[in-house]
Structure formats: structure tokens, C-alpha cells
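Right, one structure below, let's go through it.
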Number of protein chains: 4
Amino acid sequence: MFHTEILVRFAVLYPAGIAYYPNLVNFLHEAFEDFFAGHVGRPYPEMFRDGIGTPTVRLEMEFLAPVRYGDRVRVGVTVERVGGTSVTVLYHGSVEGRPVFRARNTMVVVEMKDFRPVPIPGWLRERLIAGSDPEAPPGP
Amino acid sequence: MFHTEILVRFAVLYPAGIAYYPNLVNFLHEAFEDFFAGHVGRPYPEMFRDGIGTPTVRLEMEFLAPVRYGDRVRVGVTVERVGGTSVTVLYHGSVEGRPVFRARNTMVVVEMKDFRPVPIPGWLRERLIAGSDPEAPPGP
Amino acid sequence: MFHTEILVRFAVLYPAGIAYYPNLVNFLHEAFEDFFAGHVGRPYPEMFRDGIGTPTVRLEMEFLAPVRYGDRVRVGVTVERVGGTSVTVLYHGSVEGRPVFRARNTMVVVEMKDFRPVPIPGWLRERLIAGSDPEAPPGP
Amino acid sequence: MFHTEILVRFAVLYPAGIAYYPNLVNFLHEAFEDFFAGHVGRPYPEMFRDGIGTPTVRLEMEFLAPVRYGDRVRVGVTVERVGGTSVTVLYHGSVEGRPVFRARNTMVVVEMKDFRPVPIPGWLRERLIAGSDPEAPPGP
């Protein structure tokens, strides 16, 4: 399973001194960008500049434990399902081995110029399928 | 059903010129704050200063249509379930009558000083129960 | 002088329970959007969709007092100087009469398609000049 | 001069596909956190948990060129002046050698419990003074 690490910065905190949960939702996108750079083999910004985007259509997320300032959140990224124009990804966040969130995110692959779903390009489909892991922990 | 309206500001957009989805997750909290002021009858910031918070433990959200710069998102807030220390709230977002998102958010009521769940205070429980609506549209 | 009011939401706070200062910088843009709707007479999103933007090239800002959760920040917007392709705007933020920030922001009017400065359109120039106020308090 | 590098993530962009300027203001704090970890020798989160904060009281910033998605912004951090309870820091941002912003930020060292300025602790003062660089490029 692909893993990345995200440092909890000041800006994502709320008054309790822990991460505000919409900012943890943003962590999913950061982890997906890192998955592109580290696993897919093509930077997400490059694909995006070529006019392909991946807007989220459905999100399920569980927040299992507080995430604190300075924590390094290790995020596992696994592809659960690859459809014709959509992909469902599981994310598992942990801090020092302790689970802090898990999420299931379904995205549609679109052309940004008109937001129409398009068949997932072959180069991407292949790498998404290779990103599945039957031994990944269950999703939310 | 309680409704509020949130204006789509510049800061919530991403390059496609539509709202970035973690920022729409934040809209849920804004709508919940407005629900406190307009329906519960006590400002959320006041409760929060008294040491009571409502961290989210589970979120399901569907993004049904793009939300654009300058849109006024009408958000309906309905209480689906009131437990001993938790509450599940449904949110329905629409722009000019067109649904743009729907969400189910489960929060735990905690004392902020140690993040321990506490029984929902009577004044709040009563208003949460009054915030349910059997005719609300279905959740995600 | 044009005034607007911005409610301090949960998302802009940091652990001290007060607004994190980059989020107050974003308040300047929100106030400028309101200035367009309320004083210029044309919504900023409409101008933006027509391909005109106003990126900031210089900012000076003083943070005079903490801004707290639930505060309603009254923001005064005054045009200090209108150049050929740029405009300098002063912002004065206060909470219940107590000043909390003041800022001077210079923006360049550009065509978004290539980011080139363009002469300020006549309809906008006229309203910007009308937005000056010789009796405005001093900037930072 | 201490340097760090910040990757431009999706969330900081606005519709033109470049970084929204309040998010670049946040980059200053991220660079200051890295300055603590890499130069001061004590993580900022640790100091913060001990009750010491550094709210900004004055900011000057110039935005010299667009910052794009996927850019790695190299940020130089130099201490310009150390006062009794305050410190002024210069930041120089560049992408592939091309300057993109420069900023001067004055912070006050406070006890977070009551926001009162306190004399800068000796261990911090020494490292701040060591963080000055007479050959740093000029500020804004």
C-alpha cells in the first residue's frame, strides 16, 4: 500500500489545539497528490494542467482520534474500485501507529473544460488498478 | 426544517472556478452555527466558550452538482437522531432549487478540557429533538 | 465610507480561540467583494467571470487587537488611490467600536487569461474614485 | 540564511490556477515553523504547548510573480530585528530562482493564557540573533 506523511501545520488547528475536520478532508487530497507523484508516476498538477480533474462525488469519513499540532500523519492510500469514469479510494490515517481517520472517497474523472466525465485514460487506469491492495484494512 | 444561506466567497474556490469540496464540508459547520443561533436559541460560540464542543466523528457527504462563485447556497438542517452523548444531523444544500450536496454528520458532545463525551445538556437535547423533521428529504 | 460586516466563523480560529491572521487577510477580500456588490454596483463574481481580476501586489496590515469567535467585524473600505491599472484600498476593521486591524492593499487590474494589467474600465474607475473618503482614518 | 521549501498544494489555489495571496501569507508561518525546527532547534509546536505564542502585529508583503500549482517555493527566513518582546522577520520566496514574494513580519512573544507580551526567553533570543544575516536581500 502506498503511504505518505503529512505534517500538521498551525493553520489546520482549531481552538482545542487539534485539527479541524474539514482540514483533514483536505489531507485526503494531499495524500492523493502524493500518490500520483509516488505511485502513479505522473504529478497530479501536470495532469490537471492538461485539463483532467477528479472532483469528489461521494465521501465517507470517520474521525477516530484527535490529530494534534506537530503530529506527522501517515496516510495509506489504496484503490478500492476502478469504474469506467470513476475511482473509489480508501485512506487510512495514523499517528505513531494509532489510527486517527479512515475514509472512502469516490471521484469522477472529468475534462475540466466542461466537467463531463471521461473514460479513465489507460496510463492512469493501469496504475490505479496496481494501487489496490486486498490486504488493506477495511474502510469506514 | 431550519434553513440558512451561505454565500460562496472567493477563498473557497479552486481552479475550475467552483467550490473545493473540503470547503463545502466547512459549510456544514457554518450551517450548524446558524442552526444554533436561529433554532436552538443560543449562539454556538457562547456554548463553546463555556467549554462544550461537538467534534465530528463520522461524515457521509454527496456532491451532486458544482457550486459556483457568488452562488447563495441554501442549507437545510435537520436532526436525524439524538443519542445520549451524540447527535446525527442531515444537511441539504441547494442553489436556486437545484440540490448541490447532502450530508449526514454525527457529532459527539464533549467537554473541551479533556475531550470526554458528556450527556447532552437538557436545554440542548430539547432543541435538537425539536429540530427533527419527518418530512425532510433522505440523507446520503 | 462603505462598511460591511463579517461574522467570525469557527474555521478562521486558531488554538488561542482568536482569528488566525492570514484568515483576517482573507477578510479584506470578502470586504472588497461586498464593496463591489454594495458600492460599485456590480457583483465581483460577475466581473471575474467576464475575465477581469484584481490580484494583490502589495499588502501592509496591522493587527491591533484579538478578533474572537462570534465577533462581528465591521470593515470600512476606502479607496486611497486610483492609478492607470492599479488601485490602493484602505481597510479598517473594528469590533464594537474597538479597532482590530487596518490595512492598505494595492491591487492590479488584469485580464485573467494572461494576467496582463489592463487600464481600469471606465465604469469601475468612476466608482472607485467615488469610494474615496478624505475623512477616512489613516492607514497602517 | 535559513531556507525551507513549501510545495504548492491544490487547496491554496484560486480560479486562475495560482496561489491565493492569503494562503501565501500562511506560507510565512509554515516557514517560521520550519525555521524553529531547523535553526532554533526546538519545534514550534512544543513551545506553543508550553504556552508561548508569537501573534503577528504587523505585516508588509509584496507579491512579485504568480505562484503556480505544483511549484516548490523556496523561502529564505532572516531575522531583521530582535526587540525586548518582539521580533521582525524577513521572508524571501522564490521559485526556480525567480522571486515570487518578500515579506516583513513583526511578531510579539506572548503568554497564550492572557496574550500578554513577555520578554523573549534567552534560549530563543540567542537563536533569533543568530538567524540574522547582514547579506540578506532587502525586505519589502
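By order of appearance in the C-alpha cells: chains A, B, ..., then residues from 1 within every chain, and ligands from 1 in the order shown.
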
Exercise. Enumerate the residues of stretch 25-60 of chain D with a DSSP assignment of strand (DSSP E), computed from the backbone, and present them as a ChimeraX atom specification.
Key: /D:52-53,56-60

Quiz item: Using only C-alpha atoms, which residues sit within 9 Å of C:Val79 once same-chain residues fewer than 6 positions away are excluded, as a count of residues only?
Solution: 11

Quiz item: Quick one, how far is atom CA of A:Gly70 from atom CA of D:Leu7?
Solution: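 If I compute the distance from atom CA of A:Gly70 to atom CA of D:Leu7, I get 17.6 Å.
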
Exercise. Write out as a list in words all residues of stretch 45-74 of chain D that DSSP puts in helix (DSSP H, G or I) for this structure's backbone.
Key: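 Filtering stretch 45-74 of chain D down to helix (DSSP H, G or I) leaves Pro45, Glu46, Met47, Phe48 and Arg49 of chain D.
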
Practice problem: Please report as a PyMOL selection string which residues of chain D come no farther than 7 Å from chain A, using only C-alpha atoms. | Solution: chain D and resi 9+30+45+69-70

Next, dump the selected residues to file, keeping only C-alpha atoms, as a short mmCIF file (atom, residue, chain, number, x, y, z; two decimals), in the first residue's frame.
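File produced: out24.cif:
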```cif
data_model
loop_
_atom_site.label_atom_id
_atom_site.label_comp_id
_atom_site.auth_asym_id
_atom_site.auth_seq_id
_atom_site.Cartn_x
_atom_site.Cartn_y
_atom_site.Cartn_z
CA ARG D 9 -0.94 22.20 -2.89
CA GLU D 30 4.94 27.49 7.81
CA PRO D 45 4.53 23.13 18.45
CA TYR D 69 0.15 24.58 -8.66
CA GLY D 70 2.97 22.15 -8.00
#
```

Practice problem: May I ask for the distance between atom CA of C:Val77 and atom CA of C:Val40, given in Å to one decimal place? | Solution: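 Computing the Euclidean distance for atom CA of C:Val77 and atom CA of C:Val40 yields 11.7 Å.
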
Quiz prompt | Contacts of D:Thr54 at 6 Å (only C-alpha atoms; same-chain gap of 3+ positions) as an NGL selection string | solution = :D and (107-109)

Self-check item: Near-D:Arg127 list (9 Å; only C-alpha atoms; drop same-chain fewer than 5 positions) as a list in words
Solution: His39, Val40, Gly41 and Gly122 of chain D

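Going from atom CA of D:Val118 over to atom CA of D:Pro55, you cover 12.2 Å.
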
Using only C-alpha atoms, determine which residues lie at most 6 Å from stretch 112-115 of chain C, disregarding the query and same-chain residues fewer than 2 positions distant; provide the list as a compact mmCIF listing (two decimals) with N, CA and C atoms, in the first residue's frame.
```
# COMPACT_ATOMS: atom_id res chain seq x y z
N GLY C 51 -13.69 37.79 -16.95
CA GLY C 51 -12.27 37.70 -17.25
C GLY C 51 -11.40 38.78 -16.63
N ILE C 52 -11.98 39.59 -15.74
CA ILE C 52 -11.19 40.65 -15.08
C ILE C 52 -10.94 40.25 -13.62
N GLY C 53 -9.68 40.31 -13.18
CA GLY C 53 -9.32 40.02 -11.79
C GLY C 53 -8.51 41.14 -11.19
N VAL C 110 -6.23 43.09 -13.95
CA VAL C 110 -5.64 42.27 -15.03
C VAL C 110 -6.72 41.52 -15.80
```
